[in-house]
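As structure tokens, the structure follows; a few thoughts come after it.
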2 protein chains.
Amino acid sequence: MTTTSAAPTTTDVPGRRTAAQRLAEHKPFWDTERETMPPRQREAVILERVQHQLRYAYATLPFYRRHYDAHGFSPDSVRSLEDFTTKVPVVTKKDLIADQAAHPPFGSYLGVTPRDIARVHGSSGTMGNPTMYGVSHRDWARCGQAMAMGLWCAGFRPGDLVQVTFPFTMFFGGWGNVQALELLGAGCFPTGSMVPTERQIDFLHDLSVDAVIATPSYLAHLGQRAEELGRPVSGSTVGLALVGGEPGGSIPAVRARLREQWGGLDVIDGAAGSTSEMYPFLTNIGCLQDPDGGVHLFQDENYTEVVSRDDPNVPVPVGTAGATVATHLWRESQPMIRFWMGDEGLLDDAPCRCGRTYPKLPRGVFGRIDDMLLIRGANVYPSAVEAAVRATPGAGAEFRIVVDRPHDLDEICVLVERDADLPEAEAPRLQADLEERIRRAVNVRVPVEVVPPGSQEAQTFKARRVVDNRPRG
Amino acid sequence: MTTTSAAPTTTDVPGRRTAAQRLAEHKPFWDTERETMPPRQREAVILERVQHQLRYAYATLPFYRRHYDAHGFSPDSVRSLEDFTTKVPVVTKKDLIADQAAHPPFGSYLGVTPRDIARVHGSSGTMGNPTMYGVSHRDWARCGQAMAMGLWCAGFRPGDLVQVTFPFTMFFGGWGNVQALELLGAGCFPTGSMVPTERQIDFLHDLSVDAVIATPSYLAHLGQRAEELGRPVSGSTVGLALVGGEPGGSIPAVRARLREQWGGLDVIDGAAGSTSEMYPFLTNIGCLQDPDGGVHLFQDENYTEVVSRDDPNVPVPVGTAGATVATHLWRESQPMIRFWMGDEGLLDDAPCRCGRTYPKLPRGVFGRIDDMLLIRGANVYPSAVEAAVRATPGAGAEFRIVVDRPHDLDEICVLVERDADLPEAEAPRLQADLEERIRRAVNVRVPVEVVPPGSQEAQTFKARRVVDNRPRG
């Protein structure tokens with residue numbers, strides 16, 4: 001399952017630091033002992049930590065105690081990692097949402113007092129009820145180190161100037177990267193998502209930026225606009241990109257296009273199999289020595305298992321596709337223990353040329369098992385779109401969410417019937433109203449088309465309102 | 001010139017930490033030695049540092065060497081703080097812009113190599129040429145401590161949960177606050193400016209937020225919307241607000257209205273007399289013991305002088321209004337030495353009830369000497385608006401920027417003649433185009449009105465295009 005790609009591909013552009021230079025300039029690892037530990041020895045560490053986390057959660061966090069009691073599970077019964085996989089019930093996003101609704105705002109799994117919290121972030125949320133994330137001061141400090149280890153693995157080095165284009169808002173996305181760049185000693189230029197693309201392009205040229213952190217779709221957009229503006233990025237100093245927020249970074253076609261557009265930069269995926277629940281995120285990250293080879297899993301920080309799609313207590317063998325389940329080994333605040341990610345992936349434990357003994361998800365994650373959509377880096381729940389449509393005066397009974405993948409990434413549009421009582425002339429106003437409400441609900445702009453009343457077949461199952469035109473494969 | 005306000009005013013609302021509680025819970029100062037040093041002793045420290053900075057700048061930074069040589073100034077001639085004021089030529093924003101244009105991107109006053117930079121930020125800029133700020137790793141760490149000292153002075157304490165609503169983008173604004181909250185041990189919820197106001201209000205209620213960091217106009221907007229939504233903030237847990245980004249925080253009417261709206265919270269000004277050039281910003285900040293008494297000046301970090309409006313080498317006595325000039329005593333990267341701020345203020349060196357021996361700007365800054373406008377926290381240069389108007393097809397020869405202060409803060413609108421060749425029916429399209437271009441140029445939405453050709457008197461002096469309807473006083 002390992003790829004056969006050659007050595008790092010950075011093209012030799014004047015002023016650009018190549019992968020070979022990056023790798024030669026500094027120590028190879030952030031934490032040599034952890035990163036090169038023999039896997040068997042690491043498993044002993046992981047076992048000790050899962051046992052600790054299980055005892056801690058059961059003793060301290062009402063959410064876990066109820067959950068485990070309801071499943072008849074006792075933490076003492078876990079004596080091996082196999083026990084862990086086969087005995088511990090998973091936690092789902094739905095469980096967390098329900099617990100936060102019953103115990104607002106952080107649920108009964110916070111584990112620390114609100115006064116111990118260093119950072120609060122939130123998901124985009126549905127219907128005004130985003131999932132709230134709280135990270136304790138101790139966890140924030142520890143996670144920063146893990147994130148720095150991730151950036152180091154990706155090839156970021158002291159002295160790099162890094163343009164970070166993730167939005168800086170309640171979403172967790174860019175913040176951990178900023179913290180990790182600081183710890184690592186790199187320069188950070190956090191432009192965020194509000195600086196117009198034209199200016200982002202000027203900056204990366206004028207400041208001789210070394211690396212960019214972006215969603216893969218925004219990286220492609222930057223490249224395309226730069227070409228149109230006559231300031232192509234193929235000759236820029238940008239030799240390294242960390243992509244995240246959506247799964248494109250492990251899709252070969254996306255990677256190849258970005259590489260070509262940007263004149264041979266190294267694209268590192270830092271997203272595959274990660275979610276806001278699983279902060280620190282950069283424990284699933286590609287290495288500069290084999291950026292096409294998938295993402296390493298820092299298993300002694302966040303432990304990822306691949307299990308049966310149908311039964312999370314049934315492991316699948318290395319090299320076989322299944323569903324990913326992840327566990328925080330160190331977090332005291334909102335620790336996830338066997339969190340059902342909803343992603344499809346497979347494990348590879350072959351040695352990597354980088355020397356890290358961490359296993360990989362060689363193809364990243366290549367499918368969503370649940371219904372959440374990832375649109376331009378944002379989690380979009382069909383139920384949130386539905387809620388927005390339902391709340392809009394003049395919208396009729398039926399609507400469709402059409403999902404497509406015109407190139408490599410998902411896009412959606414929403415077709416909404418107008419109410420039979422609404423004059424056709426009012427359709428543009430309704431459209432604008434719908435677009436605004438949906439944008440507020442899901443935090444992404446989604447085009448809306450207003451269609452005549454009765455033009456869509458009435459549905460009784462919500463799932464049938466999502467029309468999936470994405471190519472299968 | 002000291003105010004006669006009584007003790008801190010936080011109202012006793014359930015769950016709200018009052019000023020008295022904040023002050024009783026922890027040590028009174030962040031750095032007792034610095035903050036309570038006898039002023040004479042501090043002056044010796046300041047003198048030693050200005051001499052150091054002058055020698056460093058002259059020896060190392062081409063910008064300063066040229067500037068000082070051109071003025072016939074020699075650093076060795078400064079043997080007292082009086083020498084410093086009377087002999088050292090000031091630096092203006094125009095000087096910096098010209099130097100960055102000649103020596104892009106950071107000017108010839110960076111002082112470190114680009115590889116030493118921890119953070120890059122930028123001003124809103126005009127015509128695609130923002131001022132670029134670079135902060136070295138050493139400075140970033142030191143400034144964080146100064147900012148934490150500022151937040152402590154304002155009354156922020158470990159365990160506070162703080163909602164930060166400044167935009168997080170290339171502007172410097174909110175970032176230093178996040179860093180300082182982290183150092184101080186407070187909880188940070190950086191919502192930024194992209195989370196809709198309705199959600200910001202839900203969050204501050206649902207998360208029992210202790211303090212908010214915002215522009216004074218956004219704080220007022222939050223309060224007003226919360227009232228309209230039936231979730232008034234007067235009963236919220238928010239007992240403390242740090243305001244910045246615009247001068248409202250030192251305007252008594254603004255302070256009084258915010259206090260009433262928010263049920264008696266303490267409003268601390270952290271903006272008066274500060275600019276992005278002068279990072280760390282929170283060296284000019286109010287104290288919780290006397291929030292109406294103006295801002296303290298941490299003179300041993302950034303040294304502020306008040307001088308004649310007409311001659312920056314002529315000091316004015318304590319208690320007399322003049323122009324502020326500021327100096328970085330510790331920065332190695334882009335140090336400002338006698339930077340002409342363009343603000344009007346006066347010094348007060350009477351003892352403060354908080355025990356800090358730092359002098360104050362008792363009324364903050366109460367006027368702009370230069371023509372830059374501050375609109376909702378953003379620097380708006382009339383020249384940038386002009387450039388946007390000039391670049392818009394269909395715009396006529398004349399326009400006016402109308403500045404008014406309907407309540408306590410400045411607002412502008414732009415009246416633009418349409419070109420005589422443009423049909424009147426095209427006016428709405430022109431208006432939309434102008435609004436979009438101006439927004440991009442100045443990063444703030446400004447309403448535009450399209451007026452008939454020839455309806456405005458032709459101007460030959462640019463300054464006459466700004467119509468200032470603000471009340472005088």
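Convention: chains lettered A, B, ... in structure tokens order; per-chain residue numbering from 1; ligands numbered from 1 as shown.
Excluding region 51-55 of chain B and any residue on its chain fewer than 5 positions from it, the residues at most 9 Å away by only C-alpha atoms are Ile46, Thr60, Tyr64, Ser74, Pro75, Asp76, Val78, Arg79, Phe84, His328, Leu329, Trp330, Arg331, Glu332, Pro335 and Ile337 of chain B.
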Give me the residues of chain B that have any atom at most 6 Å from an atom of chain A; for each, the nearest atom pair and the distance in Å, rounded to one decimal. Use only C-alpha atoms, sort by chain and number, and format it as CSV.
residue,atom,partner,partner_atom,distance
B:Arg115,CA,A:Gly159,CA,4.2
B:Ile117,CA,A:Gly187,CA,5.3
B:Ala118,CA,A:Gly187,CA,4.1
B:Arg119,CA,A:Cys188,CA,4.8
B:Val120,CA,A:Phe189,CA,4.7
B:Gly159,CA,A:Arg115,CA,4.2
B:Phe168,CA,A:Phe168,CA,5.6
B:Thr169,CA,A:Thr191,CA,4.7
B:Met170,CA,A:Thr191,CA,4.5
B:Gly187,CA,A:Ala118,CA,4.1
B:Cys188,CA,A:Arg119,CA,4.8
B:Phe189,CA,A:Val120,CA,4.8
B:Thr191,CA,A:Met170,CA,4.6
B:Gly192,CA,A:Thr169,CA,4.9
The residue from B:Ala432, B:Ile438, B:Ala20, B:Ala427 with the smallest atom-to-atom distance to Ala387 (chain B), counting only C-alpha atoms, is B:Ile438
So which residues touch Val238 (chain A) within 6 Å, counting only C-alpha atoms, skipping near sequence neighbours fewer than 2 positions away, as JSON, numbers by chain?
{"A": [209, 210, 211, 236, 240]}
Atom pair CA of Phe156 (chain B) + CA of Val365 (chain B), distance 23.1 Å
CA of Asp433 (chain B) sits from CA of Ile401 (chain B) at a separation of 16.7 Å
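Note that CA of Ala220 (chain A) and CA of Val467 (chain A) are 26.1 Å apart.
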Need to verify the contact set: Glu398 (chain B), 12 Å, only C-alpha atoms, exclusion of same-chain residues closer than 2 positions in sequence. Can you return it as a ChimeraX atom specification?
/B:386,389-390,394-396,400-401,414-420,450-462,464-466
DSSP strand (DSSP E) residues within region 71-273 of chain A, listed as a PyMOL selection string
chain A and resi 117-122+132-136+161-164+187-189+211-214+240-243+266-269
Quick one: residues within 12 Å of Leu229 (chain B), only C-alpha atoms counted, chain neighbours fewer than 3 positions away excluded, as JSON, numbers by chain?
{"B": [197, 198, 199, 201, 202, 222, 223, 224, 225, 226, 232, 233]}
Write out the residues from the selection above, keeping N, CA and C atoms, as a PDB file, in the first residue's frame.
ATOM      1  N   THR B 197     -23.395  38.982  14.955  1.00  0.00           N
ATOM      2  CA  THR B 197     -23.648  39.627  16.246  1.00  0.00           C
ATOM      3  C   THR B 197     -24.621  38.809  17.097  1.00  0.00           C
ATOM      4  N   GLU B 198     -25.640  38.255  16.476  1.00  0.00           N
ATOM      5  CA  GLU B 198     -26.633  37.477  17.230  1.00  0.00           C
ATOM      6  C   GLU B 198     -25.958  36.316  17.954  1.00  0.00           C
ATOM      7  N   ARG B 199     -25.007  35.670  17.244  1.00  0.00           N
ATOM      8  CA  ARG B 199     -24.310  34.547  17.882  1.00  0.00           C
ATOM      9  C   ARG B 199     -23.353  35.027  18.957  1.00  0.00           C
ATOM     10  N   ILE B 201     -23.801  37.367  20.874  1.00  0.00           N
ATOM     11  CA  ILE B 201     -24.632  37.622  22.063  1.00  0.00           C
ATOM     12  C   ILE B 201     -25.009  36.309  22.739  1.00  0.00           C
ATOM     13  N   ASP B 202     -25.424  35.326  21.934  1.00  0.00           N
ATOM     14  CA  ASP B 202     -25.729  34.018  22.523  1.00  0.00           C
ATOM     15  C   ASP B 202     -24.532  33.488  23.298  1.00  0.00           C
ATOM     16  N   LEU B 222     -23.368  45.473  20.115  1.00  0.00           N
ATOM     17  CA  LEU B 222     -23.722  44.230  20.814  1.00  0.00           C
ATOM     18  C   LEU B 222     -24.826  44.509  21.837  1.00  0.00           C
ATOM     19  N   GLY B 223     -24.646  45.568  22.615  1.00  0.00           N
ATOM     20  CA  GLY B 223     -25.618  45.902  23.658  1.00  0.00           C
ATOM     21  C   GLY B 223     -26.985  46.215  23.080  1.00  0.00           C
ATOM     22  N   GLN B 224     -26.983  46.952  21.983  1.00  0.00           N
ATOM     23  CA  GLN B 224     -28.254  47.353  21.368  1.00  0.00           C
ATOM     24  C   GLN B 224     -28.989  46.155  20.764  1.00  0.00           C
ATOM     25  N   ARG B 225     -28.240  45.320  20.041  1.00  0.00           N
ATOM     26  CA  ARG B 225     -28.860  44.135  19.429  1.00  0.00           C
ATOM     27  C   ARG B 225     -29.366  43.164  20.496  1.00  0.00           C
ATOM     28  N   ALA B 226     -28.613  43.047  21.579  1.00  0.00           N
ATOM     29  CA  ALA B 226     -29.017  42.133  22.658  1.00  0.00           C
ATOM     30  C   ALA B 226     -30.348  42.589  23.248  1.00  0.00           C
ATOM     31  N   PRO B 232     -30.933  41.057  27.001  1.00  0.00           N
ATOM     32  CA  PRO B 232     -30.133  42.234  27.339  1.00  0.00           C
ATOM     33  C   PRO B 232     -28.853  41.861  28.083  1.00  0.00           C
ATOM     34  N   VAL B 233     -27.810  42.614  27.806  1.00  0.00           N
ATOM     35  CA  VAL B 233     -26.513  42.326  28.408  1.00  0.00           C
ATOM     36  C   VAL B 233     -26.369  42.955  29.792  1.00  0.00           C
TER      37      VAL B 233
END
Residues near region 41-43 of chain B, anyone? I mean within 9 Å using only C-alpha atoms, not counting same-chain ones fewer than 5 positions away, as an mmCIF file with N, CA and C atoms, in the first residue's frame.
data_model
loop_
_atom_site.group_PDB
_atom_site.id
_atom_site.type_symbol
_atom_site.label_atom_id
_atom_site.label_comp_id
_atom_site.auth_asym_id
_atom_site.auth_seq_id
_atom_site.Cartn_x
_atom_site.Cartn_y
_atom_site.Cartn_z
ATOM 1 N N ARG B 34 8.549 47.359 38.450
ATOM 2 C CA ARG B 34 8.398 48.315 37.342
ATOM 3 C C ARG B 34 7.246 49.273 37.588
ATOM 4 N N GLU B 48 18.665 55.693 29.913
ATOM 5 C CA GLU B 48 19.637 54.682 29.498
ATOM 6 C C GLU B 48 19.143 53.957 28.237
ATOM 7 N N LEU B 81 16.901 63.404 29.205
ATOM 8 C CA LEU B 81 15.619 63.253 28.515
ATOM 9 C C LEU B 81 15.208 64.572 27.857
ATOM 10 N N GLN B 299 5.826 54.001 30.767
ATOM 11 C CA GLN B 299 6.890 54.796 30.152
ATOM 12 C C GLN B 299 8.227 54.075 30.033
ATOM 13 N N ASP B 300 8.405 52.998 30.774
ATOM 14 C CA ASP B 300 9.670 52.269 30.647
ATOM 15 C C ASP B 300 9.593 51.161 29.597
#
12 Å contact set for Ala321 (chain A), only C-alpha atoms, chain neighbours under 5 positions out, as a PDB file with C-alpha atoms, in the first residue's frame:
ATOM      1  CA  MET A   1       0.000   0.000   0.000  1.00  0.00           C
ATOM      2  CA  GLU A 305      -7.784   2.580  15.140  1.00  0.00           C
ATOM      3  CA  VAL A 306      -9.335   1.270  11.933  1.00  0.00           C
ATOM      4  CA  VAL A 307     -12.380  -0.874  12.599  1.00  0.00           C
ATOM      5  CA  SER A 308     -15.305  -2.441  10.828  1.00  0.00           C
ATOM      6  CA  ARG A 309     -17.738   0.035   9.289  1.00  0.00           C
ATOM      7  CA  PRO A 315     -10.869  -4.428  14.255  1.00  0.00           C
ATOM      8  CA  VAL A 316      -9.856  -4.796  10.608  1.00  0.00           C
ATOM      9  CA  ASP A 343     -14.136   8.620   8.016  1.00  0.00           C
ATOM     10  CA  GLU A 344     -13.019   5.709   5.915  1.00  0.00           C
ATOM     11  CA  GLY A 345      -9.342   4.813   5.793  1.00  0.00           C
ATOM     12  CA  LEU A 346      -6.790   2.047   6.000  1.00  0.00           C
ATOM     13  CA  LEU A 347      -3.605   1.590   7.990  1.00  0.00           C
ATOM     14  CA  ASP A 348      -0.116   0.998   6.656  1.00  0.00           C
ATOM     15  CA  LEU A 361      -3.103   6.358   6.498  1.00  0.00           C
ATOM     16  CA  PRO A 362      -1.526   5.997   3.035  1.00  0.00           C
ATOM     17  CA  ARG A 363      -4.514   7.353   1.167  1.00  0.00           C
ATOM     18  CA  GLY A 364      -5.637   9.729   3.863  1.00  0.00           C
ATOM     19  CA  VAL A 365      -9.330   9.272   4.357  1.00  0.00           C
ATOM     20  CA  PHE A 366     -11.214   8.500   1.233  1.00  0.00           C
ATOM     21  CA  GLY A 367     -14.824   8.628   2.234  1.00  0.00           C
ATOM     22  CA  ILE A 369     -19.346   7.240   6.419  1.00  0.00           C
TER      23      ILE A 369
END
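With only C-alpha atoms as the atoms that count, the residue of A:Arg338, A:Arg437, A:Arg257, A:Arg142 with the shortest distance to Asn313 (chain A) is A:Arg338.
Each of B:Gly342, B:Gly377, B:Pro471, B:Gly244 was compared to Val403 (chain B) using only C-alpha atoms, and B:Pro471 turns out to be the nearest.
Using only C-alpha atoms, the shortest contact distance between Lys360 (chain B) and any of B:Glu246, B:Glu301, B:Asp290, B:Asp468 is found at B:Asp290.
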